[in-house]
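S.K.: Provided herewith: start_26.cif, mmCIF, C-alpha atoms.
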data_model
loop_
_atom_site.label_atom_id
_atom_site.label_comp_id
_atom_site.auth_asym_id
_atom_site.auth_seq_id
_atom_site.Cartn_x
_atom_site.Cartn_y
_atom_site.Cartn_z
CA MET A 844 71.45 75.03 114.39
CA THR A 845 70.93 77.58 117.17
CA THR A 846 68.36 80.34 116.76
CA LEU A 847 69.45 83.74 118.02
CA THR A 848 66.76 85.63 119.89
CA LEU A 849 67.41 89.34 120.22
CA PRO A 850 66.35 91.16 123.37
CA GLU A 851 63.45 93.59 123.12
CA ARG A 852 62.91 97.12 124.39
CA GLN A 853 59.86 99.36 124.40
CA ASP A 854 60.12 102.71 122.65
CA ALA A 855 58.71 106.01 123.91
CA SER A 856 55.39 105.43 122.13
CA GLY A 857 54.94 101.95 123.65
CA ALA A 858 55.89 99.80 120.63
CA TRP A 859 58.26 96.87 121.17
CA HIS A 860 61.43 96.42 119.09
CA ARG A 861 64.16 93.83 118.90
CA VAL A 862 67.44 95.54 119.68
CA MET A 863 71.10 95.08 118.81
CA ARG A 864 74.16 96.40 120.59
CA GLU A 865 76.20 99.20 119.00
CA VAL A 866 79.14 101.28 120.25
CA CYS A 867 79.09 105.07 120.63
CA TYR A 868 81.54 106.74 118.23
CA GLY A 869 82.12 109.54 120.77
CA CYS A 870 83.14 107.58 123.85
CA GLY A 871 83.09 103.87 123.06
CA CYS A 872 80.24 102.95 125.43
CA PRO A 873 77.66 100.40 124.31
CA TYR A 874 74.08 101.39 123.52
CA LEU A 875 71.11 99.68 121.87
CA VAL A 876 69.58 100.27 118.46
CA ALA A 877 66.31 98.88 117.08
CA GLU A 878 66.83 96.09 114.56
CA ASP A 879 64.01 97.43 112.37
CA ASP A 880 64.91 101.14 112.66
CA HIS A 881 68.56 102.03 113.24
CA ASP A 882 67.67 105.64 114.12
CA LEU A 883 65.76 104.45 117.20
CA VAL A 884 68.21 104.21 120.14
CA TRP A 885 68.50 103.45 123.84
CA GLU A 886 71.62 105.24 125.05
CA PRO A 887 73.39 104.45 128.33
CA GLY A 888 72.77 107.71 130.23
CA ARG A 889 74.53 107.49 133.60
CA LYS A 890 75.98 104.02 132.89
CA ARG A 891 79.52 104.22 131.64
CA GLY A 892 81.50 101.40 130.08
CA ARG A 893 84.89 100.43 131.45
CA GLY A 894 86.63 101.98 128.48
CA CYS A 895 84.57 105.19 128.39
CA ALA A 896 86.71 107.85 126.75
CA ASP A 897 84.44 110.86 127.42
CA ASP A 898 82.24 111.29 130.52
CA LEU A 899 80.66 114.35 128.89
CA CYS A 900 79.62 112.54 125.69
CA GLU A 901 76.05 113.29 124.56
CA CYS A 902 75.05 109.63 125.05
CA HIS A 903 75.58 110.28 128.79
CA GLU A 904 74.70 113.95 129.15
CA ALA A 905 71.65 114.02 126.83
CA ALA A 906 70.74 110.33 126.60
CA VAL A 907 68.00 109.32 124.19
CA VAL A 908 65.93 106.37 125.41
CA GLY A 909 63.52 104.73 122.99
CA GLU A 910 63.44 107.69 120.62
CA ARG A 911 65.28 108.95 117.57
CA ARG A 912 68.43 110.97 118.06
CA GLU A 913 67.96 114.36 116.37
#
Spell out the structure here as structure tokens.
M.R.:
Amino acid sequence: MTTLTLPERQDASGAWHRVMREVCYGCGCPYLVAEDDHDLVWEPGRKRGRGCADDLCECHEAAVVGERRE
């Protein structure tokens, strides 16, 4: 049996979280969400996925990195 190890990211307050990949409902680009708190996100900012449907999506224009999206 293989054990899956999730990558980790540091939030804005310095705490570490295991993260999972999600897809933005607005443009289809991938972003990360904390496994233990799905409101805590790391959005792509300037990075755009190949299939990005909206360059002006809030995950690009007002990216939240290691904080909760309000």
S.K.: Residues at most 10 Å from A:Glu904, counting all atoms listed in the file, excluding those fewer than 3 positions away in the same chain, as a PyMOL selection string?
M.R.: chain A and resi 887-889+898-901+907
S.K.: Point out the residue among A:Ala858, A:Val908, A:Ala896, A:Cys902 with the least atom-to-atom distance to A:Val884, counting all atoms listed in the file.
M.R.: A:Val908
S.K.: Selected by the PyMOL selection byres ((chain A and resi 850) around 10) in the shown coordinates: which residues, as an mmCIF file with C-alpha atoms, in the frame of the given file?
M.R.:
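Result went into selection06.cif, see below:
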data_model
loop_
_atom_site.group_PDB
_atom_site.id
_atom_site.type_symbol
_atom_site.label_atom_id
_atom_site.label_comp_id
_atom_site.auth_asym_id
_atom_site.auth_seq_id
_atom_site.Cartn_x
_atom_site.Cartn_y
_atom_site.Cartn_z
ATOM 1 C CA LEU A 847 69.450 83.740 118.020
ATOM 2 C CA THR A 848 66.760 85.630 119.890
ATOM 3 C CA LEU A 849 67.410 89.340 120.220
ATOM 4 C CA GLU A 851 63.450 93.590 123.120
ATOM 5 C CA ARG A 852 62.910 97.120 124.390
ATOM 6 C CA HIS A 860 61.430 96.420 119.090
ATOM 7 C CA ARG A 861 64.160 93.830 118.900
ATOM 8 C CA VAL A 862 67.440 95.540 119.680
ATOM 9 C CA MET A 863 71.100 95.080 118.810
ATOM 10 C CA ARG A 864 74.160 96.400 120.590
ATOM 11 C CA LEU A 875 71.110 99.680 121.870
ATOM 12 C CA ALA A 877 66.310 98.880 117.080
#
S.K.: Hey, which of A:Glu886, A:Asp880, A:Arg912, A:Gln853 ends up closest to A:Cys867? Count only C-alpha atoms.
M.R.: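 For A:Cys867, the nearest of the candidates is A:Glu886.
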S.K.: To one decimal place, how far is atom CA of A:His881 from atom CA of A:Gly909 in Å?
M.R.: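 So the answer is 11.3 Å.
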S.K.: Between atom CA of A:Trp885 and atom CA of A:Asp854, what is the distance in Å, rounded to a tenth?
M.R.: 8.5 Å
S.K.: So what do you get for atom CA of A:Arg893 versus atom CA of A:Trp859, distance-wise?
M.R.: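 A separation of 28.8 Å between them.
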S.K.: List as a list in words: which residues have an atom within 7 Å of (66.3, 110.7, 116.5), counting only C-alpha atoms?
M.R.: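 Output: Asp882, Leu883, Glu910, Arg911, Arg912 and Glu913 of chain A.
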S.K.: Take the point (83.8, 100.9, 129.6) as written in the file and pick out every residue within 10 Å of it, counting only C-alpha atoms; give the list as number ranges by chain.
M.R.: A: 870-873, 890-896
S.K.: Taking the partial coordinates given, rebuild stretch 855-867 of chain A to contain N, CA and C atoms; return it as a short mmCIF file (atom, residue, chain, number, x, y, z; two decimals), keeping the file's coordinate frame.
M.R.:
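Produced file rebuild_28.cif, reproduced below:
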data_model
loop_
_atom_site.label_atom_id
_atom_site.label_comp_id
_atom_site.auth_asym_id
_atom_site.auth_seq_id
_atom_site.Cartn_x
_atom_site.Cartn_y
_atom_site.Cartn_z
N ALA A 855 59.44 104.97 123.19
CA ALA A 855 58.71 106.01 123.91
C ALA A 855 57.21 106.01 123.62
N SER A 856 56.81 105.46 122.47
CA SER A 856 55.39 105.43 122.13
C SER A 856 54.72 104.11 122.54
N GLY A 857 55.49 103.20 123.14
CA GLY A 857 54.94 101.95 123.65
C GLY A 857 55.11 100.74 122.75
N ALA A 858 55.67 100.93 121.55
CA ALA A 858 55.89 99.80 120.63
C ALA A 858 57.15 99.03 121.04
N TRP A 859 57.12 97.72 120.83
CA TRP A 859 58.26 96.87 121.17
C TRP A 859 59.14 96.66 119.94
N HIS A 860 60.46 96.62 120.16
CA HIS A 860 61.43 96.42 119.09
C HIS A 860 62.51 95.46 119.55
N ARG A 861 62.96 94.62 118.63
CA ARG A 861 64.16 93.83 118.90
C ARG A 861 65.33 94.77 118.77
N VAL A 862 66.31 94.61 119.66
CA VAL A 862 67.44 95.54 119.68
C VAL A 862 68.78 94.82 119.52
N MET A 863 69.73 95.56 118.99
CA MET A 863 71.10 95.08 118.81
C MET A 863 72.03 96.05 119.51
N ARG A 864 73.18 95.57 119.91
CA ARG A 864 74.16 96.40 120.59
C ARG A 864 75.05 97.12 119.57
N GLU A 865 75.29 98.38 119.80
CA GLU A 865 76.20 99.20 119.00
C GLU A 865 77.17 99.87 119.97
N VAL A 866 78.16 100.57 119.43
CA VAL A 866 79.14 101.28 120.25
C VAL A 866 79.14 102.75 119.87
N CYS A 867 79.08 103.62 120.85
CA CYS A 867 79.09 105.07 120.63
C CYS A 867 80.42 105.50 119.99
#
